[in-house]
Amino acid sequence: MHLLSGFCYIYPYMKGKELTIIGIIIGLGLILRAIFMITLKSDWPGWDSPTIDALYHHIWAQQIAAGDILGGGPYFRAPLYPFMLGMIYVIFGPDFNIVIMLQHLMGLTAIPLVFLLARRFFSVKIAYVAAFITSINGVLIYFESQLLLDFMLVIYMLIIVLSLVSAHKNNKSWLYLFAGLTIGLFAITRPNILAIIPLICVWIIIAGDDFKRGIKQSLLVLCGIIILVLPVTVRNIVIGGDTVLVASQGGINFYIGNNERADGFTALLPGFGHTWQYSDAEFEAAQEIGKKPGVIKPSEVSGFYYDKALDYIFSEPVDFLKLIIKKLYMFWNRFEISNNNNLYFLTDYIGMSFMPLFLFMFISPLGLVGSVLCFFKDRRYWLFPILIFGYMATIVAFFVTARFRIPLVPLLTIMAVFAVHEIYSAWRDKRYKYSLILAASSLLIGIITWTNLYDHHDRSMAMANYSLGNMFMKKGDHQAARKQYESTIDQGARVPNAHLNLGVIAFYNGDTTRAREQFTDEIKSCGPSGKAYNNLSMLASLKGDYSQANAFADSAIYHFPNFKEAYINKISAAMAKRDTMMTRLSVIDFRRKFPENPAAKYYHGMYLLQTGNHARAEAEFKSVALAGDKDIVAEYDLSEIYSSALPYGYNPRKIRGRSFYQLGLILARKGEIDSALDYFKQAALLLPNDADARVNLALAYDNANDYHKAESEFIKAIEIDSTRAIYYYNYAMTLGKTGNYSKAASMLEKAIELEPDFKQAQQVLRALRREIK
């Protein structure tokens with residue numbers, strides 16, 4: 001109730017005329033959002049195919065909606081947005097129409113908040129203009145349409161300012177607590193706000209006239225923050241088993257933004273490229289610290305990268321200073337840097353290039369001037385520049401993108417309109433010198449921020465074409481995907497994985513020669529690629545050239561020692577070659593480097609089976625099968641989502657399914673048919689398209705005298721693979737037990753047709769025909 005009453009309190013009474021005008025402005029914003037949403041849904045292939053961060057949020061929300069609320073491991077990312085998304089999924093299902101519509105409606109609340117804030121500090125005219133600009137800002141509208149958290153931060157930032165100034169004006173203690181609660185909501189959505197809490201407390205103290213009262217009011221703000229942050233921290237400690245305040249990604253992001261190869265805006269982890277996953281960072285940290293992957297804690301990984309970034313900062317202070325200047329320039333620059341979908345490409349693709357994405361080119365210079373002007377006014381006004389420059393510092397400390405700076409856009413919009421008003425008012429009052437100084441300063445800053453000094457205005461759209469190709473690939477539209485990848489390459493850009501994915505499409509189409517050429521071109525164009533080497537290894541195995549397959553897998557492992565699929569291919573090639581020594585060495589190497597990895601345990605179990613050590617093999621398979629699915633949310637690893645969509649890709653569910661399958665075979669050999677049947681059921685559940693798993697489940701049902709279910713499984717297995725004579729033979733045996741001799745004879749005839757030398761089938765068929773006669 002305090003939250004609700006607080007929200008009502010910071011909404012001062014609006015007069016009838018004000019309500020009408022703001023209603024019209026909100027209506028305009030609603031129309032623009034409706035047009036954008038409808039067009040996006042009808043024309044954008046990625047409408048229902050989230051990628052990268054949006055995909056991660058979607059998976060996490062699905063997990064929450066399914067009842068897994070607490071999850072496992074400490075949070076890698078702050079949890080509030082995925083929980084909000086999960087609640088929507090609980091009520092409406094994973095319906096992107098509902099989600100985006102609700103996000104746009106929430107985004108509209110920024111309009112009256114901007115109006116009230118601008119009116120309280122400045123004038124109603126400034127408030128109207130700032131509200132109007134906010135309503136039509138295409139960047140805000142764009143981010144409201146994504147499964148990303150940033151639009152929420154816009155609302156939180158405005159409420160924080162309104163609640164703080166209302167608390168200061170009315171001297172209401174509970175409003176300071178309310179401000180703290182709002183900061184807490186912000187922190188469990190994106191924790192960087194916590195870094196500017198000292199600045200907020202300083203403002204509370206200096207804006208008032210009583211130091212002790214200011215201290216008490218600051219403590220109330222801190223209490224509000226603690227109320228919401230503490231439960232997340234406790235959950236991380238108790239459930240996650242690690243001391244993490246909110247999320248563990250801070251160290252990795254800090255290093256991404258501060259290293260010798262950092263460009264200030266690309267989320268690239270050195271040594272792992274654009275497609276890095278948390279497991280890559282964990283692997284590097286574990287190696288350096290001297291621990292095994294899967295054992296090292298996320299807080300240790302984060303701490304490792306914080307230390308690594310600080311080593312760079314202190315060892316290369318001049319380079320670091322240049323990098324900070326570059327990031328400051330990019331923060332205030334007019335260009336909107338994308339790091340998921342390219343917003344320029346998307347709006348142009350759907351025919352909405354008229355969307356006002358250019359407004360920051362005016363908001364930036366004028367907003368900067370307006371922020372500085374606030375320092376020359378009453379200390380109440382200092383809250384604007386303190387929050388703007390303080391929050392800016394938390395972004396520049398990491399790396400700069402459009403979505404990271406949008407929480408400040410409404411505040412900067414108010415500052416920009418205020419600056420224009422000051423220039424106009426000074427000129428009207430014949431204070432020409434002052435007016436010209438402000439105008440010249442704005443123009444000079446504008447000229448600087450409109451430039452492209454660091455050549456980061458990427459208009460080639462090569463990466464955007466590549467991302468669109470991935471969306472088509474995910475949908476199974478290989479022709480459209482190929483067109484986008486070819487467009488990427490035609491633009492002359494060396495975009496990693498473009499050739500690789502063309503090779504995958506060629507493989508899908510059965511053109512292994514073309515696939516091999518594309519995988520080779522990937523390495524020539526973009527340098528060593530673990531996936532390209534691994535795919536070449538797989539193609540060599542399909543040709544029966546296991547020595548070459550082993551060599552390519554070794555190349556993948558050499559360049560990318562954390563790339564687990566390469567170890568699997570190396571083991572598979574050694575097993576196919578029947579090279580016992582190479583199999584043993586490959587399995588032991590995989591198991592030693594990744595002691596907790598399910599695939600390493602599974603293949604170690606397969607090796608133990610080959611060497612006759614069935615008891616230890618059974619233990620390995622049980623360890624994998626009973627461990628449960630990997631928690632993608634806790635480990636922030638989307639690579640397996642993409643990989644599992646490929647016919648040859650590593651899929652942890654397949655590994656678990658194969659483990660259940662092997663356990664079923666082991667227990668069937670022991671004569672423990674009931675237990676074997678349970679394992680085969682689990683295998684078929686995890687491997688619905690695995691014919692062998694279906695057949696062995698059918699045989700287990702047959703042994704349990706459940707012939708109806710056995711027949712059903714045989715039919716499913718034959719639908720999956722109709723080329724195996726043994727399937728028809730075993731199916732015939734079950735049919736014979738049910739007295740369906742005619743159909744059994746037909747199945748035996750099919751088995752002999754597929755395998756003419758199948759003597760046992762021939763003998764049974766002759767006996768069956770005599771029985772029928």
# chains A, B, ... in the order shown; residues from 1 in each chain; ligands from 1
>>> closest_atom_pairs(of="range 190-305 of chain A", to="range 180-183 of chain A", cutoff="6 Å", atoms="only C-alpha atoms", output="tab-separated table")
residue	atom	partner	partner_atom	distance
A:Val221	CA	A:Gly180	CA	4.0
A:Leu222	CA	A:Gly180	CA	5.9
A:Gly224	CA	A:Gly180	CA	4.0
A:Ile225	CA	A:Gly180	CA	4.7
>>> select_by_dssp(residues="range 212-389 of chain A", states="helix (DSSP H, G or I)", output="PyMOL selection string")
chain A and resi 212-238+250-257+278-289+298-315+317-332+343-349+360-374+379-389
>>> residues_around(residues="Lys601 in chain A", least_positions_apart="5", cutoff="7 Å", atoms="only C-alpha atoms", output="ChimeraX atom specification")
/A:591,620,624
>>> write_last_selection(atoms="N, CA, C and O atoms", output="PDB file, in the first residue's frame")
ATOM      1  N   ARG A 591      37.644 -36.313 -19.759  1.00  0.00           N
ATOM      2  CA  ARG A 591      37.132 -36.502 -18.390  1.00  0.00           C
ATOM      3  C   ARG A 591      37.958 -35.721 -17.381  1.00  0.00           C
ATOM      4  O   ARG A 591      37.423 -35.180 -16.408  1.00  0.00           O
ATOM      5  N   GLU A 620      28.862 -44.298 -14.156  1.00  0.00           N
ATOM      6  CA  GLU A 620      28.989 -43.078 -14.954  1.00  0.00           C
ATOM      7  C   GLU A 620      27.663 -42.719 -15.616  1.00  0.00           C
ATOM      8  O   GLU A 620      27.237 -41.561 -15.602  1.00  0.00           O
ATOM      9  N   VAL A 624      25.127 -39.305 -15.041  1.00  0.00           N
ATOM     10  CA  VAL A 624      24.623 -38.414 -16.083  1.00  0.00           C
ATOM     11  C   VAL A 624      23.100 -38.414 -16.121  1.00  0.00           C
ATOM     12  O   VAL A 624      22.455 -37.366 -16.126  1.00  0.00           O
TER      13      VAL A 624
END
>>> residues_around(residues="Met352 in chain A", least_positions_apart="2", cutoff="12 Å", atoms="only C-alpha atoms", output="list of chain:residue names")
A:Leu32, A:Arg33, A:Ile35, A:Phe36, A:Met37, A:Ile38, A:Thr39, A:Leu40, A:Asp43, A:Trp44, A:Gly138, A:Tyr142, A:Leu343, A:Tyr344, A:Phe345, A:Leu346, A:Thr347, A:Asp348, A:Tyr349, A:Ile350, A:Phe354, A:Met355, A:Pro356, A:Leu357
>>> write_last_selection(atoms="N, CA, C and O atoms", output="tab-separated table (two decimals), in the first residue's frame")
chain	number	residue	atom	x	y	z
A	32	LEU	N	1.58	5.55	-32.33
A	32	LEU	CA	2.89	5.20	-32.88
A	32	LEU	C	3.30	3.79	-32.45
A	32	LEU	O	3.82	3.00	-33.25
A	33	ARG	N	3.07	3.47	-31.18
A	33	ARG	CA	3.44	2.16	-30.67
A	33	ARG	C	2.58	1.06	-31.29
A	33	ARG	O	3.08	-0.04	-31.57
A	35	ILE	N	1.15	1.13	-34.28
A	35	ILE	CA	1.59	0.97	-35.67
A	35	ILE	C	2.90	0.17	-35.72
A	35	ILE	O	3.05	-0.75	-36.53
A	36	PHE	N	3.82	0.52	-34.83
A	36	PHE	CA	5.11	-0.17	-34.81
A	36	PHE	C	4.95	-1.64	-34.46
A	36	PHE	O	5.54	-2.52	-35.11
A	37	MET	N	4.13	-1.93	-33.46
A	37	MET	CA	3.93	-3.32	-33.03
A	37	MET	C	3.28	-4.15	-34.12
A	37	MET	O	3.70	-5.28	-34.40
A	38	ILE	N	2.23	-3.61	-34.75
A	38	ILE	CA	1.52	-4.34	-35.81
A	38	ILE	C	2.46	-4.60	-36.99
A	38	ILE	O	2.49	-5.71	-37.54
A	39	THR	N	3.23	-3.58	-37.37
A	39	THR	CA	4.15	-3.72	-38.50
A	39	THR	C	5.27	-4.70	-38.16
A	39	THR	O	5.66	-5.53	-38.99
A	40	LEU	N	5.77	-4.60	-36.94
A	40	LEU	CA	6.85	-5.49	-36.50
A	40	LEU	C	6.39	-6.95	-36.55
A	40	LEU	O	7.11	-7.83	-37.04
A	43	ASP	N	5.91	-8.04	-40.38
A	43	ASP	CA	7.01	-7.94	-41.35
A	43	ASP	C	8.38	-8.38	-40.84
A	43	ASP	O	9.31	-8.50	-41.64
A	44	TRP	N	8.53	-8.56	-39.54
A	44	TRP	CA	9.86	-8.89	-39.01
A	44	TRP	C	9.95	-10.39	-38.72
A	44	TRP	O	9.20	-10.91	-37.88
A	138	GLY	N	11.65	7.25	-31.10
A	138	GLY	CA	11.65	5.93	-31.73
A	138	GLY	C	12.52	4.92	-31.01
A	138	GLY	O	12.23	3.71	-31.03
A	142	TYR	N	11.25	1.38	-29.73
A	142	TYR	CA	11.92	0.16	-30.19
A	142	TYR	C	12.24	-0.77	-29.02
A	142	TYR	O	11.95	-1.96	-29.08
A	343	LEU	N	18.81	-1.68	-34.64
A	343	LEU	CA	17.52	-0.97	-34.71
A	343	LEU	C	17.35	-0.20	-36.02
A	343	LEU	O	16.24	-0.03	-36.50
A	344	TYR	N	18.46	0.26	-36.62
A	344	TYR	CA	18.36	0.93	-37.93
A	344	TYR	C	17.94	-0.08	-39.00
A	344	TYR	O	17.07	0.20	-39.83
A	345	PHE	N	18.58	-1.23	-38.99
A	345	PHE	CA	18.27	-2.27	-39.96
A	345	PHE	C	16.84	-2.75	-39.81
A	345	PHE	O	16.11	-2.91	-40.79
A	346	LEU	N	16.42	-2.98	-38.57
A	346	LEU	CA	15.08	-3.52	-38.31
A	346	LEU	C	14.00	-2.56	-38.79
A	346	LEU	O	13.07	-2.96	-39.49
A	347	THR	N	14.12	-1.29	-38.42
A	347	THR	CA	13.08	-0.33	-38.81
A	347	THR	C	13.04	-0.15	-40.33
A	347	THR	O	11.97	0.02	-40.90
A	348	ASP	N	14.20	-0.20	-40.97
A	348	ASP	CA	14.23	-0.09	-42.43
A	348	ASP	C	13.63	-1.34	-43.08
A	348	ASP	O	12.89	-1.25	-44.06
A	349	TYR	N	13.92	-2.50	-42.52
A	349	TYR	CA	13.43	-3.78	-43.07
A	349	TYR	C	11.91	-3.85	-43.05
A	349	TYR	O	11.29	-4.37	-43.98
A	350	ILE	N	11.30	-3.34	-41.97
A	350	ILE	CA	9.84	-3.42	-41.85
A	350	ILE	C	9.14	-2.19	-42.45
A	350	ILE	O	7.93	-2.03	-42.30
A	354	PHE	N	10.94	5.88	-41.11
A	354	PHE	CA	10.55	7.23	-40.69
A	354	PHE	C	10.49	7.37	-39.16
A	354	PHE	O	10.30	8.48	-38.66
A	355	MET	N	10.65	6.27	-38.44
A	355	MET	CA	10.65	6.34	-36.98
A	355	MET	C	11.72	7.31	-36.51
A	355	MET	O	12.86	7.26	-36.99
A	356	PRO	N	11.39	8.22	-35.61
A	356	PRO	CA	12.39	9.20	-35.15
A	356	PRO	C	13.45	8.57	-34.25
A	356	PRO	O	13.37	8.62	-33.03
A	357	LEU	N	14.46	7.97	-34.90
A	357	LEU	CA	15.58	7.39	-34.18
A	357	LEU	C	16.71	8.40	-34.01
A	357	LEU	O	17.73	8.09	-33.39
>>> residues_around(residues="Phe398 in chain A", least_positions_apart="6", cutoff="10 Å", atoms="only C-alpha atoms", output="PyMOL selection string")
chain A and resi 192+250-258+264-265+267+324+327
>>> write_last_selection(atoms="N, CA and C atoms", output="PDB file, in the first residue's frame")
ATOM      1  N   ASN A 192      23.795  -1.710 -11.673  1.00  0.00           N
ATOM      2  CA  ASN A 192      24.755  -0.602 -11.724  1.00  0.00           C
ATOM      3  C   ASN A 192      24.260   0.642 -10.999  1.00  0.00           C
ATOM      4  N   GLY A 250      29.071  -9.036 -13.340  1.00  0.00           N
ATOM      5  CA  GLY A 250      29.772  -7.758 -13.284  1.00  0.00           C
ATOM      6  C   GLY A 250      31.224  -7.829 -13.713  1.00  0.00           C
ATOM      7  N   GLY A 251      31.967  -8.796 -13.195  1.00  0.00           N
ATOM      8  CA  GLY A 251      33.391  -8.893 -13.498  1.00  0.00           C
ATOM      9  C   GLY A 251      33.654  -9.138 -14.964  1.00  0.00           C
ATOM     10  N   ILE A 252      32.873 -10.031 -15.570  1.00  0.00           N
ATOM     11  CA  ILE A 252      33.051 -10.344 -16.995  1.00  0.00           C
ATOM     12  C   ILE A 252      32.776  -9.102 -17.838  1.00  0.00           C
ATOM     13  N   ASN A 253      31.677  -8.401 -17.546  1.00  0.00           N
ATOM     14  CA  ASN A 253      31.337  -7.195 -18.310  1.00  0.00           C
ATOM     15  C   ASN A 253      32.371  -6.086 -18.112  1.00  0.00           C
ATOM     16  N   PHE A 254      32.901  -5.998 -16.901  1.00  0.00           N
ATOM     17  CA  PHE A 254      33.916  -4.976 -16.624  1.00  0.00           C
ATOM     18  C   PHE A 254      35.170  -5.253 -17.443  1.00  0.00           C
ATOM     19  N   TYR A 255      35.541  -6.518 -17.563  1.00  0.00           N
ATOM     20  CA  TYR A 255      36.719  -6.870 -18.356  1.00  0.00           C
ATOM     21  C   TYR A 255      36.456  -6.687 -19.852  1.00  0.00           C
ATOM     22  N   ILE A 256      35.243  -7.021 -20.290  1.00  0.00           N
ATOM     23  CA  ILE A 256      34.891  -6.807 -21.701  1.00  0.00           C
ATOM     24  C   ILE A 256      35.087  -5.336 -22.086  1.00  0.00           C
ATOM     25  N   GLY A 257      34.748  -4.446 -21.178  1.00  0.00           N
ATOM     26  CA  GLY A 257      34.863  -3.019 -21.456  1.00  0.00           C
ATOM     27  C   GLY A 257      36.220  -2.424 -21.166  1.00  0.00           C
ATOM     28  N   ASN A 258      37.109  -3.210 -20.504  1.00  0.00           N
ATOM     29  CA  ASN A 258      38.403  -2.659 -20.100  1.00  0.00           C
ATOM     30  C   ASN A 258      39.505  -3.701 -20.275  1.00  0.00           C
ATOM     31  N   GLY A 264      35.219  -0.408 -26.599  1.00  0.00           N
ATOM     32  CA  GLY A 264      34.324   0.489 -25.870  1.00  0.00           C
ATOM     33  C   GLY A 264      32.853   0.257 -26.096  1.00  0.00           C
ATOM     34  N   PHE A 265      32.497  -0.590 -27.080  1.00  0.00           N
ATOM     35  CA  PHE A 265      31.070  -0.784 -27.339  1.00  0.00           C
ATOM     36  C   PHE A 265      30.701  -2.208 -27.748  1.00  0.00           C
ATOM     37  N   ALA A 267      30.475  -6.227 -27.137  1.00  0.00           N
ATOM     38  CA  ALA A 267      30.469  -7.198 -26.031  1.00  0.00           C
ATOM     39  C   ALA A 267      31.259  -8.437 -26.430  1.00  0.00           C
ATOM     40  N   ILE A 324      38.658   5.450 -22.044  1.00  0.00           N
ATOM     41  CA  ILE A 324      37.589   6.157 -21.323  1.00  0.00           C
ATOM     42  C   ILE A 324      37.097   7.351 -22.131  1.00  0.00           C
ATOM     43  N   LYS A 327      34.896   6.073 -24.827  1.00  0.00           N
ATOM     44  CA  LYS A 327      33.580   5.643 -24.347  1.00  0.00           C
ATOM     45  C   LYS A 327      32.704   6.849 -23.975  1.00  0.00           C
TER      46      LYS A 327
END
>>> residues_around(residues="Gln249 in chain A", least_positions_apart="3", cutoff="12 Å", atoms="only C-alpha atoms", output="ChimeraX atom specification")
/A:74-78,190-192,244-246,252-256,277-278,281-282,298-306,398,634-636
>>> atom_distance(atom1="CA of Ala285 in chain A", atom2="CA of Val229 in chain A")
27.2 Å
>>> closest_residue(among="A:Pro385, A:Asn236, A:Arg694, A:Phe560", to="Asp280 in chain A", atoms="only C-alpha atoms")
A:Phe560
>>> closest_residue(among="A:Glu144, A:Glu316, A:Asp68, A:Asp702", to="Tyr731 in chain A", atoms="only C-alpha atoms")
A:Asp702
>>> closest_residue(among="A:Cys201, A:Ile489, A:Ala65, A:Ile363", to="Ser442 in chain A", atoms="only C-alpha atoms")
A:Ile363
>>> closest_residue(among="A:Arg380, A:Arg403, A:Lys593, A:Lys570", to="Lys291 in chain A", atoms="only C-alpha atoms")
A:Lys593
>>> residues_around(residues="Asn452 in chain A", least_positions_apart="3", cutoff="10 Å", atoms="only C-alpha atoms", output="PyMOL selection string")
chain A and resi 329-330+333-335+448-449+455-458
>>> closest_residue(among="A:Ile26, A:Ala498, A:Val587, A:Ala54", to="Asn465 in chain A", atoms="only C-alpha atoms")
A:Ala498
>>> atom_distance(atom1="CA of Ser49 in chain A", atom2="CA of Met473 in chain A")
10.5 Å
